[in-house]
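**Student:** Following this line is my_file.cif, made up of mmCIF, C-alpha atoms:
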```
data_query
loop_
_atom_site.label_atom_id
_atom_site.label_comp_id
_atom_site.auth_asym_id
_atom_site.auth_seq_id
_atom_site.Cartn_x
_atom_site.Cartn_y
_atom_site.Cartn_z
CA MET A 2 0.00 0.00 0.00
CA ASN A 3 2.98 2.20 0.63
CA GLN A 4 4.06 1.89 -2.95
CA ILE A 5 0.59 2.94 -4.06
CA LYS A 6 0.64 5.98 -1.76
CA GLN A 7 4.02 7.01 -3.14
CA LEU A 8 2.84 6.67 -6.71
CA VAL A 9 -0.34 8.61 -6.03
CA ASN A 10 1.53 11.44 -4.32
CA GLY A 11 4.00 11.57 -7.16
CA VAL A 12 1.24 11.69 -9.77
CA LEU A 13 -0.55 14.49 -7.96
CA LYS A 14 2.69 16.46 -7.96
CA GLY A 15 2.99 15.92 -11.70
CA ASN A 16 6.08 13.75 -11.38
CA HIS A 17 6.73 12.02 -14.70
CA ARG A 18 8.33 8.96 -13.20
CA SER A 19 5.32 8.33 -10.96
CA ILE A 20 2.97 8.82 -13.89
CA ALA A 21 4.97 6.33 -15.94
CA LYS A 22 5.06 3.71 -13.20
CA THR A 23 1.36 4.07 -12.49
CA ILE A 24 0.49 3.55 -16.15
CA THR A 25 2.66 0.42 -16.20
CA LEU A 26 0.80 -0.87 -13.16
CA ILE A 27 -2.50 -0.21 -14.91
CA GLU A 28 -1.34 -2.24 -17.89
CA ASN A 29 0.13 -5.16 -15.99
CA ASN A 30 -1.86 -5.43 -12.79
CA PRO A 31 -5.31 -3.87 -12.93
CA THR A 32 -6.24 -5.19 -9.50
CA GLU A 33 -3.34 -3.40 -7.81
CA ALA A 34 -3.70 -0.40 -10.06
CA GLN A 35 -7.30 0.04 -9.00
CA LYS A 36 -6.10 1.16 -5.60
CA ALA A 37 -4.14 3.99 -7.17
CA VAL A 38 -6.83 4.91 -9.67
CA SER A 39 -9.45 5.09 -6.93
CA LYS A 40 -7.31 7.53 -4.97
CA LEU A 41 -6.67 9.64 -8.04
CA TYR A 42 -10.28 9.68 -9.19
CA PRO A 43 -11.39 12.69 -7.08
CA HIS A 44 -8.65 14.71 -8.75
CA THR A 45 -9.86 14.04 -12.28
CA GLY A 46 -12.33 15.94 -14.43
CA LYS A 47 -10.31 19.05 -15.17
CA ALA A 48 -8.55 18.04 -18.36
CA HIS A 49 -9.96 18.46 -21.85
CA ILE A 50 -9.72 15.03 -23.44
CA ILE A 51 -9.23 15.02 -27.18
CA GLY A 52 -9.42 11.83 -29.23
CA ILE A 53 -7.56 11.81 -32.53
CA THR A 54 -8.35 8.95 -34.86
CA GLY A 55 -8.18 8.06 -38.51
CA PRO A 56 -6.54 5.65 -40.95
CA THR A 57 -2.82 4.92 -40.90
CA GLY A 58 -0.89 7.41 -42.95
CA SER A 59 -3.27 10.30 -42.50
CA GLY A 60 -0.65 12.19 -40.49
CA LYS A 61 -2.17 12.04 -37.02
CA SER A 62 1.10 12.08 -35.12
CA THR A 63 2.49 15.04 -37.03
CA LEU A 64 -0.78 16.87 -36.54
CA ILE A 65 -0.67 16.15 -32.82
CA LYS A 66 2.85 17.51 -32.64
CA ARG A 67 1.63 20.78 -34.21
CA LEU A 68 -1.38 20.92 -31.93
CA VAL A 69 0.80 20.48 -28.89
CA GLU A 70 3.13 23.23 -30.09
CA GLU A 71 0.12 25.54 -30.28
CA LEU A 72 -1.07 24.47 -26.86
CA ARG A 73 2.35 25.02 -25.37
CA LYS A 74 2.40 28.57 -26.71
CA LYS A 75 -0.64 29.08 -24.52
CA ARG A 76 1.22 27.44 -21.59
CA LYS A 77 -1.12 24.45 -21.48
CA ARG A 78 0.23 21.24 -19.98
CA VAL A 79 -0.33 18.24 -22.23
CA GLY A 80 -0.48 14.46 -21.91
CA ILE A 81 -0.47 12.23 -24.97
CA ILE A 82 -1.34 8.56 -25.21
CA ALA A 83 -0.56 6.94 -28.54
CA VAL A 84 -2.17 3.55 -29.07
CA ASP A 85 -0.87 1.07 -31.64
CA PRO A 86 -1.88 -2.49 -32.43
CA SER A 87 -0.18 -5.55 -30.97
CA SER A 88 0.48 -8.41 -33.33
CA PRO A 89 -2.15 -11.08 -32.80
CA PHE A 90 0.53 -13.69 -33.52
CA THR A 91 3.58 -12.60 -31.57
CA GLY A 92 1.98 -10.30 -29.02
CA GLY A 93 4.64 -7.72 -29.77
CA ALA A 94 4.14 -4.20 -31.04
CA PHE A 95 6.03 -1.52 -32.90
CA LEU A 96 5.14 1.74 -31.24
CA GLY A 97 6.32 4.38 -33.64
CA ASP A 98 4.03 7.35 -33.05
CA ARG A 99 6.57 8.99 -30.80
CA ILE A 100 9.00 9.47 -33.67
CA ARG A 101 7.08 12.45 -34.97
CA MET A 102 6.76 13.98 -31.52
CA GLN A 103 10.24 13.43 -30.14
CA LYS A 104 11.13 17.13 -29.93
CA LEU A 105 8.44 17.35 -27.26
CA SER A 106 10.11 14.69 -25.10
CA THR A 107 12.19 17.15 -23.14
CA ASP A 108 9.39 19.63 -22.50
CA LYS A 109 8.71 19.22 -18.80
CA GLU A 110 5.03 19.94 -19.17
CA VAL A 111 4.45 17.31 -21.85
CA PHE A 112 4.13 13.60 -21.15
CA ILE A 113 3.99 11.07 -23.99
CA ARG A 114 3.20 7.39 -23.52
CA SER A 115 2.90 4.69 -26.16
CA MET A 116 0.42 1.90 -25.43
CA ALA A 117 -0.10 -1.33 -27.33
CA THR A 118 -3.54 -2.86 -27.72
CA ARG A 119 -2.32 -6.18 -26.23
CA ASN A 120 -5.19 -8.02 -27.86
CA SER A 121 -7.30 -7.86 -24.78
CA PRO A 122 -10.90 -7.13 -25.74
CA GLY A 123 -12.27 -4.46 -23.46
CA GLY A 124 -9.02 -4.45 -21.55
CA LEU A 125 -7.49 -1.85 -23.76
CA ALA A 126 -10.30 0.61 -23.32
CA ARG A 127 -10.05 0.24 -19.59
CA ALA A 128 -6.27 0.63 -19.49
CA THR A 129 -6.35 3.68 -21.72
CA ARG A 130 -9.19 5.23 -19.78
CA ASP A 131 -7.30 4.76 -16.53
CA ALA A 132 -4.10 6.12 -18.05
CA VAL A 133 -6.05 9.21 -19.13
CA LYS A 134 -7.29 9.58 -15.55
CA VAL A 135 -3.72 9.49 -14.29
CA LEU A 136 -2.67 12.24 -16.68
CA ASP A 137 -5.77 14.25 -15.79
CA ALA A 138 -5.09 13.94 -12.07
CA SER A 139 -1.44 14.88 -12.58
CA GLY A 140 -2.47 18.32 -13.72
CA LYS A 141 -2.40 18.12 -17.49
CA ASP A 142 -4.79 20.62 -19.02
CA VAL A 143 -5.23 18.62 -22.20
CA VAL A 144 -4.96 14.88 -22.73
CA ILE A 145 -4.74 13.65 -26.30
CA VAL A 146 -5.48 10.02 -27.15
CA GLU A 147 -4.38 8.83 -30.57
CA THR A 148 -5.66 5.60 -32.12
CA VAL A 149 -6.01 4.14 -35.56
CA GLY A 150 -9.72 3.61 -35.03
CA ALA A 151 -9.74 0.32 -36.86
CA GLY A 152 -11.29 -2.05 -34.37
CA GLN A 153 -14.15 -1.84 -31.91
CA SER A 154 -11.75 -1.42 -29.01
CA GLU A 155 -10.20 1.61 -30.54
CA VAL A 156 -13.59 3.11 -31.30
CA ASP A 157 -14.45 2.53 -27.65
CA ILE A 158 -11.36 4.39 -26.54
CA ILE A 159 -12.25 7.35 -28.60
CA LYS A 160 -15.48 7.59 -26.65
CA ILE A 161 -13.39 8.52 -23.63
CA ALA A 162 -12.81 11.86 -25.28
CA HIS A 163 -14.80 15.06 -24.96
CA THR A 164 -13.87 16.02 -28.50
CA VAL A 165 -13.17 13.52 -31.26
CA VAL A 166 -11.13 14.63 -34.25
CA VAL A 167 -11.15 12.35 -37.29
CA VAL A 168 -8.10 12.85 -39.49
CA LEU A 169 -8.17 11.81 -43.12
CA ALA A 170 -5.92 12.43 -46.09
CA PRO A 171 -6.61 12.51 -49.81
CA GLY A 172 -5.51 9.54 -51.87
CA LEU A 173 -5.13 7.06 -49.04
CA GLY A 174 -5.92 4.10 -51.20
CA ASP A 175 -9.69 3.92 -50.86
CA ASP A 176 -12.08 6.73 -51.49
CA ILE A 177 -13.16 8.91 -48.65
CA GLN A 178 -16.44 7.11 -49.22
CA ALA A 179 -14.92 3.97 -47.86
CA ILE A 180 -14.33 5.23 -44.36
CA LYS A 181 -16.22 3.24 -41.85
CA ALA A 182 -19.62 4.47 -40.90
CA GLY A 183 -18.54 4.42 -37.29
CA MET A 184 -16.07 7.23 -37.86
CA MET A 185 -18.68 9.48 -39.37
CA GLU A 186 -20.79 9.11 -36.26
CA ILE A 187 -18.14 9.70 -33.65
CA GLY A 188 -16.34 12.65 -35.22
CA ASP A 189 -16.90 16.09 -33.77
CA ILE A 190 -14.37 17.66 -36.12
CA PHE A 191 -13.11 16.33 -39.43
CA VAL A 192 -9.68 17.15 -40.77
CA VAL A 193 -8.37 16.63 -44.28
CA ASN A 194 -4.64 16.61 -43.64
CA LYS A 195 -1.94 16.67 -46.33
CA ALA A 196 -4.14 19.32 -47.93
CA ASP A 197 -1.34 20.29 -50.27
CA ARG A 198 -2.07 17.11 -52.19
CA GLU A 199 -4.39 16.83 -55.14
CA ASN A 200 -8.03 16.09 -54.41
CA ALA A 201 -7.99 17.74 -51.00
CA ASP A 202 -10.92 19.97 -51.89
CA GLU A 203 -12.86 17.02 -53.27
CA ALA A 204 -12.22 15.13 -50.06
CA VAL A 205 -13.66 18.02 -48.05
CA ILE A 206 -16.78 18.06 -50.23
CA ASP A 207 -17.16 14.28 -49.94
CA ILE A 208 -17.05 14.44 -46.16
CA GLU A 209 -19.43 17.38 -45.97
CA THR A 210 -21.86 15.49 -48.19
CA MET A 211 -21.72 12.42 -46.01
CA LEU A 212 -22.19 14.49 -42.90
CA ASN A 213 -25.29 16.08 -44.36
CA LEU A 214 -26.71 12.67 -45.16
CA SER A 215 -26.08 11.12 -41.78
CA SER A 216 -28.16 11.75 -38.68
CA GLU A 217 -28.22 15.24 -37.25
CA LYS A 218 -25.99 16.03 -34.35
CA GLU A 219 -28.07 18.32 -32.20
CA LYS A 220 -26.30 21.53 -31.34
CA TRP A 221 -22.95 20.98 -32.96
CA LYS A 222 -22.38 20.77 -36.67
CA PRO A 223 -19.03 19.04 -37.28
CA PRO A 224 -16.76 21.31 -39.29
CA VAL A 225 -14.48 19.94 -42.02
CA ILE A 226 -11.15 21.68 -42.17
CA LYS A 227 -7.94 21.37 -44.14
CA THR A 228 -4.50 21.15 -42.63
CA THR A 229 -0.99 20.49 -43.83
CA ALA A 230 0.62 19.34 -40.63
CA ALA A 231 4.01 18.86 -42.22
CA LYS A 232 4.10 22.59 -42.90
CA GLY A 233 2.25 23.57 -39.77
CA GLU A 234 -0.70 24.98 -41.68
CA GLY A 235 -4.24 24.87 -40.36
CA THR A 236 -3.32 23.94 -36.80
CA THR A 237 -4.42 27.22 -35.26
CA GLU A 238 -7.80 26.86 -36.95
CA LEU A 239 -8.10 23.28 -35.71
CA LEU A 240 -7.35 24.30 -32.16
CA ASN A 241 -9.97 27.04 -32.37
CA HIS A 242 -12.58 24.51 -33.46
CA ILE A 243 -11.54 22.17 -30.65
CA ASN A 244 -11.94 24.94 -28.10
CA GLN A 245 -15.25 25.96 -29.60
CA HIS A 246 -16.47 22.40 -29.31
CA MET A 247 -15.58 22.31 -25.64
CA LYS A 248 -17.42 25.61 -25.13
CA CYS A 249 -20.46 24.21 -26.88
CA LEU A 250 -20.31 21.02 -24.81
CA LYS A 251 -20.11 22.99 -21.59
CA LYS A 252 -23.13 25.05 -22.55
CA GLU A 253 -25.30 22.23 -23.81
CA SER A 254 -24.56 18.70 -22.88
CA PHE A 255 -21.55 18.51 -20.63
CA ASP A 256 -23.50 17.19 -17.70
CA THR A 257 -25.32 14.66 -19.84
CA GLN A 258 -22.02 13.48 -21.25
CA ARG A 259 -20.43 13.23 -17.82
CA ARG A 260 -23.41 11.32 -16.54
CA GLN A 261 -23.33 8.92 -19.47
CA LYS A 262 -19.63 8.30 -19.05
CA ALA A 263 -19.92 7.65 -15.34
CA GLU A 264 -22.74 5.21 -15.95
CA THR A 265 -20.88 3.45 -18.76
CA GLU A 266 -17.81 3.06 -16.60
CA LEU A 267 -19.83 1.77 -13.68
CA VAL A 268 -21.65 -0.78 -15.81
CA GLU A 269 -18.40 -1.96 -17.33
CA ALA A 270 -16.74 -2.26 -13.95
CA ILE A 271 -19.67 -4.31 -12.63
CA LYS A 272 -19.66 -6.51 -15.71
CA GLN A 273 -15.96 -7.12 -15.55
CA LYS A 274 -15.82 -7.86 -11.85
CA THR A 275 -18.85 -10.13 -11.94
CA THR A 276 -17.49 -12.06 -14.88
CA ASP A 277 -14.02 -12.32 -13.45
CA SER A 278 -15.05 -13.43 -9.99
CA ILE A 279 -17.73 -15.87 -11.06
CA ILE A 280 -15.78 -17.46 -13.87
CA ASP A 281 -12.58 -17.68 -11.85
CA GLU A 282 -14.43 -19.46 -9.08
CA LEU A 283 -16.20 -21.82 -11.44
CA ARG A 284 -12.94 -22.80 -13.01
CA ARG A 285 -11.29 -23.39 -9.69
CA LYS A 286 -14.11 -25.55 -8.42
CA GLY A 287 -14.32 -27.49 -11.67
CA GLU A 288 -17.94 -26.47 -12.13
CA LEU A 289 -17.26 -24.93 -15.52
CA GLU A 290 -15.84 -28.23 -16.71
CA LYS A 291 -18.89 -30.12 -15.42
CA LEU A 292 -21.24 -27.87 -17.33
CA VAL A 293 -19.20 -28.21 -20.50
CA GLU A 294 -19.58 -31.99 -20.23
CA LYS A 295 -23.33 -31.62 -19.85
CA ILE A 296 -23.47 -29.38 -22.90
CA LEU A 297 -21.45 -31.85 -24.95
CA ALA A 298 -23.82 -34.63 -23.85
CA LYS A 299 -26.71 -32.43 -24.97
CA GLU A 300 -28.18 -32.56 -21.47
CA THR A 301 -28.30 -28.79 -21.54
CA ASP A 302 -27.36 -25.85 -23.77
CA PRO A 303 -25.04 -22.95 -22.97
CA TYR A 304 -27.85 -20.47 -22.27
CA SER A 305 -29.84 -22.73 -19.97
CA ALA A 306 -26.67 -23.75 -18.20
CA ALA A 307 -25.80 -20.11 -17.59
CA ASP A 308 -29.32 -19.35 -16.34
CA THR A 309 -29.31 -22.19 -13.85
CA LEU A 310 -25.82 -21.36 -12.69
CA LEU A 311 -26.51 -17.71 -12.07
CA GLU A 312 -29.79 -18.35 -10.32
CA GLU A 313 -28.14 -20.84 -8.04
CA ARG A 314 -25.32 -18.45 -7.36
CA LEU A 315 -27.22 -15.24 -6.95
CA LYS A 316 -30.13 -16.08 -4.68
CA GLY A 317 -33.41 -14.62 -5.78
CA PHE A 318 -31.91 -13.37 -9.00
CA LYS A 319 -33.80 -13.91 -12.22
CA THR A 320 -31.93 -13.76 -15.50
CA HIS A 321 -33.34 -12.55 -18.82
CA ARG A 322 -35.03 -15.48 -20.46
CA MET B 16 -5.66 -10.68 -11.73
CA SER B 17 -2.49 -9.70 -13.50
CA THR B 18 -1.88 -9.91 -17.19
CA LYS B 19 1.36 -11.13 -18.66
CA ARG B 20 4.14 -8.57 -18.57
CA LYS B 21 5.56 -7.34 -21.83
CA ILE B 22 9.16 -6.31 -22.22
CA ARG B 23 9.22 -2.67 -23.22
CA ILE B 24 12.31 -1.69 -25.16
CA VAL B 25 13.36 1.71 -26.44
CA VAL B 26 15.45 1.50 -29.61
CA ALA B 27 17.31 4.79 -29.91
CA LYS B 28 19.60 6.44 -32.42
CA PRO B 29 21.75 8.95 -30.58
CA GLY B 30 23.65 11.74 -32.25
CA LEU B 31 24.24 12.71 -35.86
CA ASP B 32 23.93 9.29 -37.40
CA SER B 33 21.54 8.70 -40.26
CA HIS B 34 21.93 4.97 -40.67
CA ASP B 35 18.78 3.44 -39.33
CA ARG B 36 18.34 0.25 -41.33
CA GLY B 37 19.98 -1.89 -38.65
CA ALA B 38 17.98 -0.31 -35.88
CA LYS B 39 14.75 -0.93 -37.77
CA VAL B 40 15.67 -4.55 -38.44
CA ILE B 41 16.38 -5.08 -34.76
CA ALA B 42 13.19 -3.27 -33.79
CA ARG B 43 11.14 -5.59 -35.98
CA ALA B 44 12.91 -8.62 -34.55
CA PHE B 45 12.10 -7.48 -31.04
CA ARG B 46 8.47 -6.99 -32.00
CA ASP B 47 8.34 -10.44 -33.51
CA ALA B 48 9.74 -11.78 -30.26
CA GLY B 49 6.73 -10.37 -28.43
CA MET B 50 8.22 -7.16 -27.10
CA GLU B 51 6.78 -3.67 -27.21
CA VAL B 52 9.25 -1.56 -29.12
CA ILE B 53 9.37 2.19 -28.88
CA TYR B 54 11.51 3.47 -31.70
CA THR B 55 12.71 7.03 -31.20
CA GLY B 56 13.78 7.84 -34.72
CA LEU B 57 17.02 9.56 -35.70
CA TRP B 58 19.21 12.30 -34.20
CA GLN B 59 18.29 11.89 -30.59
CA THR B 60 19.98 13.80 -27.81
CA PRO B 61 20.85 12.00 -24.57
CA GLU B 62 18.11 14.03 -22.85
CA GLN B 63 15.49 12.90 -25.36
CA ILE B 64 16.50 9.25 -25.04
CA VAL B 65 16.51 9.24 -21.26
CA GLU B 66 13.23 11.09 -20.99
CA THR B 67 11.68 8.62 -23.44
CA ALA B 68 12.90 5.69 -21.35
CA LEU B 69 11.43 7.33 -18.27
CA GLN B 70 8.02 8.14 -19.72
CA GLU B 71 7.69 4.79 -21.43
CA ASP B 72 8.90 3.00 -18.27
CA ALA B 73 11.25 0.99 -20.43
CA ASP B 74 12.88 -2.24 -19.32
CA VAL B 75 15.62 -1.98 -21.93
CA VAL B 76 17.29 0.80 -23.89
CA ALA B 77 19.09 -0.30 -27.06
CA LEU B 78 21.43 2.35 -28.44
CA SER B 79 22.33 2.02 -32.09
CA ILE B 80 25.22 4.10 -33.35
CA LEU B 81 27.39 3.92 -36.43
CA SER B 82 29.02 7.33 -36.34
CA GLY B 83 31.81 6.50 -33.91
CA ALA B 84 30.54 8.91 -31.27
CA HIS B 85 29.67 6.17 -28.79
CA MET B 86 32.46 7.00 -26.36
CA THR B 87 31.06 10.50 -26.00
CA LEU B 88 27.37 9.80 -26.12
CA PHE B 89 26.95 6.53 -24.23
CA PRO B 90 28.49 7.80 -20.99
CA LYS B 91 26.32 10.93 -21.18
CA ILE B 92 23.26 8.74 -21.50
CA THR B 93 24.04 6.36 -18.66
CA LYS B 94 25.02 9.25 -16.40
CA LEU B 95 21.75 11.02 -17.08
CA MET B 96 19.85 7.81 -16.37
CA LYS B 97 21.51 7.51 -12.98
CA GLN B 98 20.68 11.13 -12.20
CA LYS B 99 17.03 10.46 -12.93
CA GLY B 100 17.00 7.35 -10.79
CA LEU B 101 16.58 4.97 -13.72
CA ASN B 102 18.71 2.25 -12.22
CA ASP B 103 16.82 -0.83 -13.34
CA ILE B 104 17.08 -0.38 -17.07
CA LEU B 105 19.20 -2.73 -19.14
CA VAL B 106 21.28 -0.63 -21.55
CA LEU B 107 22.66 -2.22 -24.69
CA GLY B 108 24.88 -0.91 -27.45
CA GLY B 109 24.91 -1.84 -31.11
CA GLY B 110 26.19 -0.65 -34.45
CA VAL B 111 29.79 0.08 -35.28
CA ILE B 112 31.65 -0.15 -32.00
CA PRO B 113 35.26 -1.40 -31.95
CA ASP B 114 35.98 -4.30 -29.61
CA GLU B 115 38.62 -2.35 -27.72
CA ASP B 116 35.99 0.19 -26.61
CA ILE B 117 33.72 -2.42 -25.10
CA PRO B 118 35.38 -2.77 -21.67
CA ALA B 119 35.23 1.00 -21.13
CA LEU B 120 31.57 1.03 -22.17
CA LYS B 121 30.75 -1.77 -19.77
CA LYS B 122 32.35 0.25 -17.01
CA ILE B 123 29.97 3.14 -17.60
CA GLY B 124 26.89 0.96 -17.53
CA ILE B 125 26.42 -0.65 -20.93
CA ALA B 126 25.46 -4.26 -20.17
CA GLU B 127 26.55 -5.64 -23.50
CA VAL B 128 27.52 -4.55 -26.99
CA PHE B 129 26.15 -6.42 -29.98
CA GLY B 130 27.96 -5.73 -33.24
CA PRO B 131 26.59 -6.11 -36.77
CA ASP B 132 25.95 -9.72 -37.79
CA THR B 133 25.00 -10.68 -34.25
CA PRO B 134 22.04 -13.03 -34.72
CA THR B 135 18.96 -11.28 -33.43
CA ASN B 136 18.15 -14.39 -31.44
CA THR B 137 21.30 -13.94 -29.39
CA ILE B 138 20.26 -10.43 -28.44
CA ILE B 139 16.71 -11.49 -27.65
CA LYS B 140 17.90 -14.34 -25.44
CA PHE B 141 20.17 -11.92 -23.57
CA ILE B 142 17.34 -9.48 -23.02
CA LYS B 143 14.92 -12.13 -21.82
CA LYS B 144 17.51 -13.50 -19.43
CA HIS B 145 18.38 -10.13 -17.95
CA THR B 146 14.87 -8.76 -17.61
CA GLN B 147 13.39 -11.63 -15.71
CA LYS B 148 11.55 -10.17 -12.76
CA THR B 149 9.65 -11.87 -9.96
#
```
Mind turning this structure into structure tokens?

**Tutor:**
Amino acid sequence: MNQIKQLVNGVLKGNHRSIAKTITLIENNPTEAQKAVSKLYPHTGKAHIIGITGPTGSGKSTLIKRLVEELRKKRKRVGIIAVDPSSPFTGGAFLGDRIRMQKLSTDKEVFIRSMATRNSPGGLARATRDAVKVLDASGKDVVIVETVGAGQSEVDIIKIAHTVVVVLAPGLGDDIQAIKAGMMEIGDIFVVNKADRENADEAVIDIETMLNLSSEKEKWKPPVIKTTAAKGEGTTELLNHINQHMKCLKKESFDTQRRQKAETELVEAIKQKTTDSIIDELRRKGELEKLVEKILAKETDPYSAADTLLEERLKGFKTHR
Amino acid sequence: MSTKRKIRIVVAKPGLDSHDRGAKVIARAFRDAGMEVIYTGLWQTPEQIVETALQEDADVVALSILSGAHMTLFPKITKLMKQKGLNDILVLGGGVIPDEDIPALKKIGIAEVFGPDTPTNTIIKFIKKHTQKT
């Protein structure tokens, strides 16, 4: 417990080493990490969380670097979490987002951490969410989460954010049309990066068209802007839109969003703990094995088995039938 | 419940050295061996490398250098690591480093130097052996 106290104190002071160690704990030992995260939780809620997603090659990392430069001019403290996929075969990962941001490494008010998806469904979202909490509690004004947005997990992570920026680039193989429907729904701001390339204007029109066709977002109409991150163009405009979005959120739906997030997190925590504790126990007692045998012998089916099990275990509880 | 630990390794290119093919080959080999590799890119200062290792909570730092500046840069890096309290990190050297420099490098904290043509498996075995934690 002493180690946890030390880590928590260090995080609250903004100490980078403590932040780093706490994030490692979150990744490797969620049960232990929970103790730290619980203590840090009351200190969260101040940071503006920005999700940056989009296909590989759209220039997200370079754009983030420019954004952070702008934020630093305004003396904002920034945390960045860059998520990259783990190989499903080897379990390893090449975490290369930092390359574009390395000049920021020695800025004392900027903290950059690379996280791998580690092929753990649901686990990634939780680890990233907790890492964001650590950065929030440590005093960062802005926390940026970067993902490729390819799988469900990554889309889930993006939902952690207050503001989601979808970054696209012209000529990335498929048409703009081919971007997943999911991205159109979650984006609060759309960016066509590498706007010095051909077809940038067409890309903007394509996105605007799709946005008009999809369901109305109530009070906020997602803008589509052009940037050329490599040259540093368009970043100021992007930051203005991001700030405007936060203003709009605060006026309209901030409380609703906060409420929804708290509920989502609670439900997920309950789900995970129930599953973990029940299944762990069943395995240990060999009950899971017994039920599998019954299923194989067609004496029962998975759903009925689960019903019976839960009702036996949770007295008076009735499952959905 | 604790998930399986991953070895986190920072592959860094210190100084004014633009030859990164070897570093990238090694980085891929580490990834294929199940490690999480943070590649810093070229032209890193000692401060950038050490800060990266700190923020990424790295288990290993692999320094790749072909410019001959290892006797200047490596000691700066290990000294800075000590100053920041990063005492548990395994530091390795690779690239073009003459054999006669190796003893001096080991004295300042480089655990081992792996020259070109070292089979990647050898390096991986070394890392796995020296990062075993309870």

**Student:** Output the residue selection produced by the PyMOL selection byres ((chain A) within 8 of (chain B)) on the file above, formatted as a VMD selection string.

**Tutor:** chain A and resid 17 to 18 20 to 22 25 28 to 32 91 to 97 99 to 100 103 to 104 106 to 107 112 to 115 117

**Student:** How far is it from atom CA of Lys61 of chain A to atom CA of Val192 of chain A, in Å with one decimal?

**Tutor:**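 Between atom CA of Lys61 of chain A and atom CA of Val192 of chain A the gap is 9.8 Å.
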
**Student:** Return as a ChimeraX atom specification the set of residues that the PyMOL selection byres ((chain B and resi 143-148) around 9) yields on the displayed structure.

**Tutor:** /B:22,74-75,104-105,138-142,149

**Student:** What would the selection look like, as a PyMOL selection string, if the PyMOL selection byres ((chain B and resi 92) around 9) were run on the coordinates I just shared?

**Tutor:** chain B and resi 60-62+64-65+88-91+93-97

**Student:** Rounded to one decimal in Å, what is the spacing between atom CA of Arg119 of chain A and atom CA of Pro86 of chain A?

**Tutor:**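 These two atoms are separated by 7.2 Å.
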
**Student:** So how far away is atom CA of His246 of chain A from atom CA of Arg127 of chain A, in Å?

**Tutor:** 25.0 Å

**Student:** If we draw a sphere of 10 Å around (5.2, 13.2, -38.8), which residues have at least one atom in it when counting all atoms listed in the file? Please report them as a VMD selection string.

**Tutor:** chain A and resid 58 to 67 98 to 102 230 to 231

**Student:** Might you pull out every residue within 12 Å of Thr133 of chain B, with all atoms listed in the file counted and same-chain residues fewer than 6 positions away left off, and present them as a list in words?

**Tutor:**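 Listing them by chain and then by number gives Gly37, Val40, Ile41, Gly108, Gly109, Gly110, Val111, Glu127, Ile139, Lys140 and Phe141 of chain B.
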
**Student:** If we count all atoms listed in the file, what is near Gln4 of chain A at a cut-off of 12 Å, once residues fewer than 2 positions away on the same chain are taken out, given as a tab-separated table (two decimals) with C-alpha atoms, keeping the file's coordinate frame?

**Tutor:**
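Result written to part_33.tsv:
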```
chain	number	residue	atom	x	y	z
A	2	MET	CA	0.00	0.00	0.00
A	6	LYS	CA	0.64	5.98	-1.76
A	7	GLN	CA	4.02	7.01	-3.14
A	8	LEU	CA	2.84	6.67	-6.71
A	9	VAL	CA	-0.34	8.61	-6.03
A	10	ASN	CA	1.53	11.44	-4.32
A	11	GLY	CA	4.00	11.57	-7.16
A	19	SER	CA	5.32	8.33	-10.96
A	22	LYS	CA	5.06	3.71	-13.20
A	23	THR	CA	1.36	4.07	-12.49
A	26	LEU	CA	0.80	-0.87	-13.16
A	33	GLU	CA	-3.34	-3.40	-7.81
A	34	ALA	CA	-3.70	-0.40	-10.06
A	36	LYS	CA	-6.10	1.16	-5.60
A	37	ALA	CA	-4.14	3.99	-7.17
```

**Student:** For Thr129 of chain A, which residue out of A:Leu239, A:Met116, A:Val293, A:Ala307 is the nearest one, using all atoms listed in the file?

**Tutor:**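 Among A:Leu239, A:Met116, A:Val293, A:Ala307, it is A:Met116 that comes nearest to Thr129 of chain A.
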
**Student:** Excluding Asp142 of chain A and any residue of its chain fewer than 4 positions from it, enumerate the residues within 7 Å of it, using only C-alpha atoms, and give them as number ranges by chain.

**Tutor:** A: 47-49, 77-79

**Student:** May I ask which of the residues A:Ile243, A:Met185, A:Ile190, A:Ile5 is the closest one to Ile50 of chain A, counting only C-alpha atoms?

**Tutor:**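 Of A:Ile243, A:Met185, A:Ile190, A:Ile5, the one nearest Ile50 of chain A, counting only C-alpha atoms, is A:Ile243.
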
**Student:** The residues within 7 Å of (22.5, 3.3, -32.9), using only C-alpha atoms and the coordinates of the file, should be reported as an NGL selection string; which are they?

**Tutor:** :B and (27-29 or 38 or 78-81 or 109-110)

**Student:** To box segment 45-63 of chain A, take all atoms listed in the file, fit an axis-aligned box, add 4 Å on each side, and give centre and edge lengths in Å to one decimal, as AutoDock Vina command-line options.

**Tutor:**
```
--center_x -4.9 --center_y 12.0 --center_z -27.6 --size_x 22.8 --size_y 22.1 --size_z 38.7
```
